[in-house]
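Shown next, in structure tokens, is the structure this report addresses.
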Amino acid sequence: MDTTRINHNNSGHKFRIAVDIAKEGSHIWDLTPYFKGRVGDNNFGLQVTWYYQGQLMNVVGMKPYIEGLVGQYSFGKNGEIDMDPDAVPVRYDGSPDDCEEAGKATFYFPSQMFPKEGIFKGFIGVKDDRDNSKNPQISGVTIWFKVLPGIAQMGHACDAYVDELDKALQNFKDRLDQHDKDYQTQLQQVIDDARNAYESETKNVHDAAIAASQEIAAVRSNTKDLADQVGSQQNYIKAHNIVTTDKFTSLSNDLTRYVTESFVQPEAFNSLDELKLTYPSGKKGIFVAIDTGHFYVWQDNSWKDCGSFQSAGIADNSINIEKLSSNLQNGFYPEVKEVKIDHINTGFISHWDGAVNTDKSNDYDPVHTDMISVKPDEEYYVCTQNYWDGKAVTFYNQDKVVSSLPVENDAQIKYIKITIPHNVNGVILNGTRQFLPRLFKVESYFEIPQPVKSIANLIKNQDYNFEKVELTKKAEVGYWDIDHDGNFSIKPVDRTRAQIAYEPIKVEPFEVYRISGCSAWSARLYEIIDAKGHLIDYCSTVMSNSMTETVMIPENGSYLEINEFLLNTQTTLEKAISVKEKLPLSGKTWTALGDSWTQIFADQNKSYVNDVAELTGLTATNSGAGGTGYVAGGPDNWNNQFFKRSIDSNANLVTVFGSFNDAYDSNFKFGKQGDTDTNTLWGALKATLDHIYSLNFDAQVGVIAPGPWGAINQHLDATIKMSTLGSHSDSEINDMPIIDFAEKYVQILHDFAKLNSLPFLDLYHYSGLRPWDSDFINKYYHGTNDTDTTHPNADTMKQFIAPKIAKFIESFA
């Protein structure tokens, strides 16, 4: 007989298993409720959600990866799994399409993954080979699972954590074989006793057979007499109900079945643990554990596992979840889809004859739905208000009433689980306008492993990247009402309460949402219901015109319901799609001093300062001003040199970036080390550093040399003098080639930084910019006009400059 199994096809939905690669566990999951892993199974999908230290991994663009051995095995001395020499190597590489947001990766097992029964032992993970590297980055865990004709079990990290029960069963194999031999011996004794009784009962016929044999010898030539005697013997056997030898095998089988059915009356328990708790000192008989289907006997002062219990066969897919124990039922959650009810009719449907009755009483206004088509064996949850003879659910076959639920006659709110009978093809729900009927179709069941539940609190308060969820307004004016268990209440227009309600949002356990809007009395900003329509959570803020709350869906949550004030602050809903990457300089404050390269671009309202902040997590203050420098004060403000610039007193970090604007200052001089004259570069550098330390003594300061300009760069002809940029009071500077001026300017910045133990970034020589190349200029410059060769555009600053400055700041922060 077939062993009873509980089967769910899950309606095409993929089951999910959560794995944290930073903390491997020893749990082994019996995957029988999810799929039947047999030899030759082909392309079933197993979805794994990947975590690292409790945080969802970003696996988008990666590939699922499986590699290992399939075959028989044994346990080593230290509990490790040793594969037999004839184990078959198998491998599977998925595609980037199999990896999704929120750490989800789907592994498809082709038939070649299961060439033979035994176990699979190997590695499952995701790999990143987008850079075509021969050594791609691989993340994952070691796994094993059984490959059997009818059941598969899976665990991860079992190299380190071997299930003691499995090991005991493997090592106890010989003893089980002996137990089977003992059982056969006992059974043979029963059969022998029956045979002895048979021989005693048929002794006379045996004697007759001997006499007949002698007579046959005497009258061998007389076939007629022989036939007569044989016929006489057959008549004797028939008259006395004697079992002949050719029927003895059948007798043995019938006797075995009779003994089993007549004397073996097994006692059932939910689990072996429950059996042990009930009979700690043992008891004679056979006892069955429902969760495994195995039967146990008390032997040698312990409960012995005797394998699968064989009983009357049960048809495939014939057991529903209600047949399970309450403990087992509590481990599964229904995946439901709410059936859209577009039209509500006045009055209730009588469960007697299906007639419409519009009677009202007790301040209730009864209503009913149109006929809803259903199919046999479909499962639904009904959430509605019973109304006396207008029972919550009326079952139909065509236009004939078949039955109704519940049995009680009252006007109470009801939550009812129904399975459609085979003689029913439609239902009508009754309700009231105070509590409108709702219907949820069960599409599958899912189980949440305990490790996932345990890390829920760890991931609840992460910093997430959110994506906007579009909301659809309900046609009726009203709101989702916590006073009516999260059900929708149609209300007259009232601007003092939340009056816009949105269609429920289907959600999954442990998803995270950010909700912004308002809350008012019983019309809270949000409510969460389970698959049965029960209100299980809601916004705790009673009154607010503007609020934002981040919510994690409970493990039994199915729908999120959203409210909004009528014609007031718009409600928004966002879903967490990934955990924000922890940026290296989060929590630090940065002030950026500089010239026009630093100041905000007027056309994009940003500069490289914004880009650096995004790359590093810095809180940035832009203190850039066009035309300024260490010496030059700028064309619009001749008193705005770097050493006079505003600096955030809380800044942990300060950079000074620039500036060849000093080359256009007619009074500019290089000066020498120790100068305090701010018309000299040396003196202005000292004044700038003193100014920064006076505002924040503990600030970390970095010096950045200016990038090349079209008018000042290392590719200019040596005959082009500084006088072409303007007249300088220092004749030595006036006669200097521009390329020499730039080199000396950058060298002094470097020397000053070295003298004062400051980090230095040379963007004049190492920026990657080419303002001497006309094609490069056309693509990357023209920041203020089409002839501008000084200012890279905002995209160029983001691509070339921001990453270099970000790494520079990280080097000394």
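Every chain in the structure tokens has a letter given in the order shown (A, B, ...), and although residue numbers restart at 1 in each chain, ligands are simply numbered from 1 in the order shown.
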Please give the complete set of residues from stretch 632-779 of chain A that DSSP, run on the backbone, assigns to alpha helix (DSSP H), formatted as number ranges by chain. A: 681-695, 731-734, 738-755, 763-766, 774-779
Just list the residues in stretch 466-527 of chain A DSSP gives strand (DSSP E) on the backbone, as number ranges by chain. A: 466-469, 478-481, 487-490, 498-501, 505-506, 512-520, 526-527
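When the distance limit is 10 Å and only C-alpha atoms are what count, the residues near A:His750, minus those fewer than 2 positions from it on the same chain, are Val703, Ile704, Ala705, Lys744, Tyr745, Val746, Gln747, Ile748, Phe752, Ala753, Lys754, Leu755, Leu758, Pro759, Phe760, Leu761 and Asp762 of chain A.
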I'd like the contact shell of A:Thr678 - 9 Å cut-off, only C-alpha atoms, skipping same-chain residues fewer than 4 positions apart - returned as a PyMOL selection string. chain A and resi 630-631+643+682-687
Those same residues - all heavy atoms - I'd like them written as a PDB file, in the first residue's frame.
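In the end it all went to selection_18.pdb:
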```
ATOM      1  N   TYR A 630      43.285  81.326  -3.766  1.00  0.00           N
ATOM      2  CA  TYR A 630      44.001  81.604  -2.525  1.00  0.00           C
ATOM      3  C   TYR A 630      44.273  83.098  -2.400  1.00  0.00           C
ATOM      4  O   TYR A 630      44.175  83.685  -1.326  1.00  0.00           O
ATOM      5  CB  TYR A 630      45.312  80.830  -2.477  1.00  0.00           C
ATOM      6  CG  TYR A 630      45.116  79.341  -2.336  1.00  0.00           C
ATOM      7  CD1 TYR A 630      45.207  78.505  -3.436  1.00  0.00           C
ATOM      8  CD2 TYR A 630      44.862  78.776  -1.092  1.00  0.00           C
ATOM      9  CE1 TYR A 630      45.050  77.140  -3.312  1.00  0.00           C
ATOM     10  CE2 TYR A 630      44.694  77.415  -0.962  1.00  0.00           C
ATOM     11  CZ  TYR A 630      44.776  76.586  -2.076  1.00  0.00           C
ATOM     12  OH  TYR A 630      44.605  75.245  -1.947  1.00  0.00           O
ATOM     13  N   VAL A 631      44.604  83.740  -3.553  1.00  0.00           N
ATOM     14  CA  VAL A 631      44.942  85.173  -3.567  1.00  0.00           C
ATOM     15  C   VAL A 631      43.797  85.989  -4.162  1.00  0.00           C
ATOM     16  O   VAL A 631      43.432  87.044  -3.653  1.00  0.00           O
ATOM     17  CB  VAL A 631      46.244  85.410  -4.366  1.00  0.00           C
ATOM     18  CG1 VAL A 631      46.533  86.897  -4.495  1.00  0.00           C
ATOM     19  CG2 VAL A 631      47.417  84.685  -3.695  1.00  0.00           C
ATOM     20  N   PHE A 643      40.788  82.113   2.280  1.00  0.00           N
ATOM     21  CA  PHE A 643      41.058  82.293   3.705  1.00  0.00           C
ATOM     22  C   PHE A 643      39.992  83.139   4.402  1.00  0.00           C
ATOM     23  O   PHE A 643      40.089  83.404   5.609  1.00  0.00           O
ATOM     24  CB  PHE A 643      42.467  82.896   3.935  1.00  0.00           C
ATOM     25  CG  PHE A 643      42.700  84.233   3.312  1.00  0.00           C
ATOM     26  CD1 PHE A 643      42.307  85.425   3.943  1.00  0.00           C
ATOM     27  CD2 PHE A 643      43.337  84.341   2.089  1.00  0.00           C
ATOM     28  CE1 PHE A 643      42.549  86.652   3.376  1.00  0.00           C
ATOM     29  CE2 PHE A 643      43.595  85.573   1.511  1.00  0.00           C
ATOM     30  CZ  PHE A 643      43.195  86.734   2.144  1.00  0.00           C
ATOM     31  N   TRP A 682      52.242  81.477  -0.902  1.00  0.00           N
ATOM     32  CA  TRP A 682      52.650  80.892   0.370  1.00  0.00           C
ATOM     33  C   TRP A 682      51.889  81.537   1.535  1.00  0.00           C
ATOM     34  O   TRP A 682      51.393  80.839   2.424  1.00  0.00           O
ATOM     35  CB  TRP A 682      54.152  81.062   0.576  1.00  0.00           C
ATOM     36  CG  TRP A 682      54.972  79.964  -0.042  1.00  0.00           C
ATOM     37  CD1 TRP A 682      55.636  80.009  -1.225  1.00  0.00           C
ATOM     38  CD2 TRP A 682      55.206  78.661   0.520  1.00  0.00           C
ATOM     39  NE1 TRP A 682      56.283  78.821  -1.465  1.00  0.00           N
ATOM     40  CE2 TRP A 682      56.036  77.967  -0.400  1.00  0.00           C
ATOM     41  CE3 TRP A 682      54.819  78.016   1.682  1.00  0.00           C
ATOM     42  CZ2 TRP A 682      56.477  76.666  -0.188  1.00  0.00           C
ATOM     43  CZ3 TRP A 682      55.263  76.717   1.902  1.00  0.00           C
ATOM     44  CH2 TRP A 682      56.065  76.048   0.982  1.00  0.00           C
ATOM     45  N   GLY A 683      51.781  82.849   1.526  1.00  0.00           N
ATOM     46  CA  GLY A 683      51.095  83.553   2.610  1.00  0.00           C
ATOM     47  C   GLY A 683      49.602  83.247   2.621  1.00  0.00           C
ATOM     48  O   GLY A 683      48.991  83.069   3.694  1.00  0.00           O
ATOM     49  N   ALA A 684      48.968  83.191   1.430  1.00  0.00           N
ATOM     50  CA  ALA A 684      47.530  82.915   1.359  1.00  0.00           C
ATOM     51  C   ALA A 684      47.222  81.476   1.781  1.00  0.00           C
ATOM     52  O   ALA A 684      46.191  81.200   2.407  1.00  0.00           O
ATOM     53  CB  ALA A 684      47.024  83.175  -0.057  1.00  0.00           C
ATOM     54  N   LEU A 685      48.114  80.545   1.435  1.00  0.00           N
ATOM     55  CA  LEU A 685      47.932  79.164   1.866  1.00  0.00           C
ATOM     56  C   LEU A 685      47.953  79.074   3.393  1.00  0.00           C
ATOM     57  O   LEU A 685      47.102  78.397   3.998  1.00  0.00           O
ATOM     58  CB  LEU A 685      49.043  78.284   1.283  1.00  0.00           C
ATOM     59  CG  LEU A 685      48.872  77.824  -0.163  1.00  0.00           C
ATOM     60  CD1 LEU A 685      50.184  77.290  -0.715  1.00  0.00           C
ATOM     61  CD2 LEU A 685      47.781  76.749  -0.240  1.00  0.00           C
ATOM     62  N   LYS A 686      48.928  79.763   4.030  1.00  0.00           N
ATOM     63  CA  LYS A 686      49.001  79.740   5.489  1.00  0.00           C
ATOM     64  C   LYS A 686      47.756  80.367   6.111  1.00  0.00           C
ATOM     65  O   LYS A 686      47.199  79.852   7.079  1.00  0.00           O
ATOM     66  CB  LYS A 686      50.246  80.474   5.953  1.00  0.00           C
ATOM     67  CG  LYS A 686      50.442  80.442   7.473  1.00  0.00           C
ATOM     68  CD  LYS A 686      51.703  81.169   7.903  1.00  0.00           C
ATOM     69  CE  LYS A 686      51.966  81.019   9.404  1.00  0.00           C
ATOM     70  NZ  LYS A 686      50.798  81.438  10.217  1.00  0.00           N
ATOM     71  N   ALA A 687      47.299  81.495   5.527  1.00  0.00           N
ATOM     72  CA  ALA A 687      46.105  82.167   6.060  1.00  0.00           C
ATOM     73  C   ALA A 687      44.870  81.270   5.935  1.00  0.00           C
ATOM     74  O   ALA A 687      44.002  81.253   6.819  1.00  0.00           O
ATOM     75  CB  ALA A 687      45.888  83.489   5.316  1.00  0.00           C
TER      76      ALA A 687
END
```
Near A:Pro504, counting only C-alpha atoms, which residues have an atom at most 6 Å away, once you skip same-chain residues fewer than 4 positions from it, shown as an NGL selection string? :A and (559-561)
So how many Å separate atom CA of A:Ser774 and atom CA of A:Asp717, to one decimal? 16.3 Å
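Proximity to A:Asp98 was assessed for A:Ser373, A:Gln55, A:Thr49, A:Asn661 counting only C-alpha atoms; the smallest distance is recorded for A:Thr49.
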Nearby residues (only C-alpha atoms) at most 12 Å from A:Gln385, same-chain spacing under 3 positions excluded, as a PyMOL selection string: chain A and resi 348+364-368+382+388-393+405-406+409-416+429-438+484-485+487
Please produce a file of those selected residues containing N, CA, C and O atoms, as a compact mmCIF listing (two decimals), in the first residue's frame.
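Printed below is selection-v3.txt as written:
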```txt
# COMPACT_ATOMS: atom_id res chain seq x y z
N PHE A 348 -31.23 40.67 1.42
CA PHE A 348 -30.47 39.45 1.62
C PHE A 348 -31.13 38.29 0.91
O PHE A 348 -32.33 38.30 0.60
N TYR A 364 -29.56 47.49 10.85
CA TYR A 364 -28.72 46.95 9.81
C TYR A 364 -29.40 47.08 8.45
O TYR A 364 -30.61 47.02 8.34
N ASP A 365 -28.58 47.24 7.43
CA ASP A 365 -29.08 47.35 6.05
C ASP A 365 -28.53 46.16 5.28
O ASP A 365 -27.40 46.18 4.80
N PRO A 366 -29.31 45.06 5.13
CA PRO A 366 -28.78 43.84 4.51
C PRO A 366 -28.52 44.00 3.02
O PRO A 366 -29.26 44.69 2.31
N VAL A 367 -27.47 43.31 2.54
CA VAL A 367 -27.11 43.33 1.13
C VAL A 367 -26.66 41.93 0.72
O VAL A 367 -26.44 41.07 1.58
N HIS A 368 -26.50 41.70 -0.59
CA HIS A 368 -25.96 40.43 -1.07
C HIS A 368 -25.20 40.65 -2.37
O HIS A 368 -25.41 41.65 -3.07
N VAL A 382 -14.37 33.41 3.82
CA VAL A 382 -15.46 34.38 3.71
C VAL A 382 -15.41 35.27 4.95
O VAL A 382 -15.29 34.79 6.07
N TRP A 388 -29.41 36.69 10.09
CA TRP A 388 -30.55 35.84 10.38
C TRP A 388 -30.76 34.82 9.27
O TRP A 388 -29.91 33.98 9.04
N ASP A 389 -31.91 34.89 8.58
CA ASP A 389 -32.15 33.93 7.50
C ASP A 389 -31.26 34.20 6.29
O ASP A 389 -31.21 33.38 5.38
N GLY A 390 -30.61 35.34 6.27
CA GLY A 390 -29.65 35.64 5.20
C GLY A 390 -28.28 35.16 5.63
O GLY A 390 -27.44 35.96 6.07
N LYS A 391 -28.07 33.83 5.51
CA LYS A 391 -26.82 33.25 5.98
C LYS A 391 -25.62 33.82 5.21
O LYS A 391 -25.74 34.23 4.05
N ALA A 392 -24.48 33.81 5.86
CA ALA A 392 -23.28 34.42 5.27
C ALA A 392 -22.98 33.87 3.88
O ALA A 392 -22.65 34.61 2.96
N VAL A 393 -23.11 32.53 3.72
CA VAL A 393 -22.79 31.89 2.44
C VAL A 393 -23.95 30.98 2.05
O VAL A 393 -24.41 30.16 2.85
N LEU A 405 -24.18 28.35 5.11
CA LEU A 405 -23.38 28.45 6.32
C LEU A 405 -23.49 29.88 6.86
O LEU A 405 -23.66 30.82 6.09
N PRO A 406 -23.37 30.06 8.19
CA PRO A 406 -23.16 29.06 9.24
C PRO A 406 -24.48 28.46 9.71
O PRO A 406 -25.54 28.85 9.22
N ASN A 409 -28.18 31.17 13.66
CA ASN A 409 -29.05 32.23 13.15
C ASN A 409 -28.81 33.48 13.99
O ASN A 409 -29.28 33.57 15.12
N ASP A 410 -28.04 34.44 13.48
CA ASP A 410 -27.76 35.65 14.24
C ASP A 410 -27.37 36.76 13.27
O ASP A 410 -27.44 36.59 12.05
N ALA A 411 -26.94 37.88 13.81
CA ALA A 411 -26.49 39.01 13.00
C ALA A 411 -25.08 39.40 13.41
O ALA A 411 -24.77 40.57 13.65
N GLN A 412 -24.20 38.39 13.46
CA GLN A 412 -22.83 38.61 13.89
C GLN A 412 -21.87 38.55 12.71
O GLN A 412 -22.16 37.95 11.67
N ILE A 413 -20.69 39.16 12.90
CA ILE A 413 -19.64 39.09 11.89
C ILE A 413 -19.06 37.68 11.89
O ILE A 413 -18.81 37.09 12.94
N LYS A 414 -18.85 37.13 10.68
CA LYS A 414 -18.40 35.75 10.55
C LYS A 414 -17.13 35.67 9.71
O LYS A 414 -17.00 36.37 8.69
N TYR A 415 -16.24 34.79 10.13
CA TYR A 415 -15.05 34.44 9.36
C TYR A 415 -15.12 32.93 9.13
O TYR A 415 -14.95 32.16 10.07
N ILE A 416 -15.37 32.52 7.89
CA ILE A 416 -15.67 31.12 7.60
C ILE A 416 -14.73 30.60 6.53
O ILE A 416 -14.52 31.24 5.50
N LEU A 429 -22.95 35.64 -1.32
CA LEU A 429 -22.62 36.08 0.02
C LEU A 429 -23.62 37.13 0.48
O LEU A 429 -23.92 38.09 -0.26
N ASN A 430 -24.14 36.97 1.67
CA ASN A 430 -24.94 38.00 2.31
C ASN A 430 -24.06 38.85 3.21
O ASN A 430 -22.97 38.42 3.61
N GLY A 431 -24.54 40.04 3.52
CA GLY A 431 -23.82 40.92 4.41
C GLY A 431 -24.66 42.13 4.73
O GLY A 431 -25.89 42.11 4.54
N THR A 432 -24.04 43.17 5.21
CA THR A 432 -24.73 44.43 5.46
C THR A 432 -23.89 45.57 4.92
O THR A 432 -22.69 45.41 4.68
N ARG A 433 -24.52 46.70 4.73
CA ARG A 433 -23.74 47.87 4.30
C ARG A 433 -22.82 48.35 5.41
O ARG A 433 -21.87 49.08 5.16
N GLN A 434 -23.09 47.95 6.63
CA GLN A 434 -22.20 48.27 7.75
C GLN A 434 -20.98 47.35 7.75
O GLN A 434 -19.92 47.71 8.26
N PHE A 435 -21.10 46.15 7.16
CA PHE A 435 -19.97 45.21 7.06
C PHE A 435 -20.12 44.45 5.76
O PHE A 435 -20.76 43.40 5.70
N LEU A 436 -19.53 45.00 4.71
CA LEU A 436 -19.70 44.44 3.37
C LEU A 436 -18.99 43.09 3.24
O LEU A 436 -17.93 42.87 3.83
N PRO A 437 -19.55 42.17 2.46
CA PRO A 437 -18.94 40.84 2.31
C PRO A 437 -17.63 40.89 1.54
O PRO A 437 -17.48 41.68 0.59
N ARG A 438 -16.70 40.04 1.95
CA ARG A 438 -15.41 39.89 1.25
C ARG A 438 -15.13 38.40 1.07
O ARG A 438 -15.50 37.58 1.92
N HIS A 484 -14.47 48.30 12.36
CA HIS A 484 -15.14 47.19 11.68
C HIS A 484 -14.11 46.17 11.20
O HIS A 484 -14.19 45.63 10.10
N ASP A 485 -13.10 45.93 12.04
CA ASP A 485 -12.08 44.90 11.77
C ASP A 485 -11.40 45.08 10.43
O ASP A 485 -11.09 44.11 9.74
N ASN A 487 -12.58 46.39 7.74
CA ASN A 487 -13.48 46.32 6.58
C ASN A 487 -13.81 47.72 6.10
O ASN A 487 -13.73 48.70 6.84
```
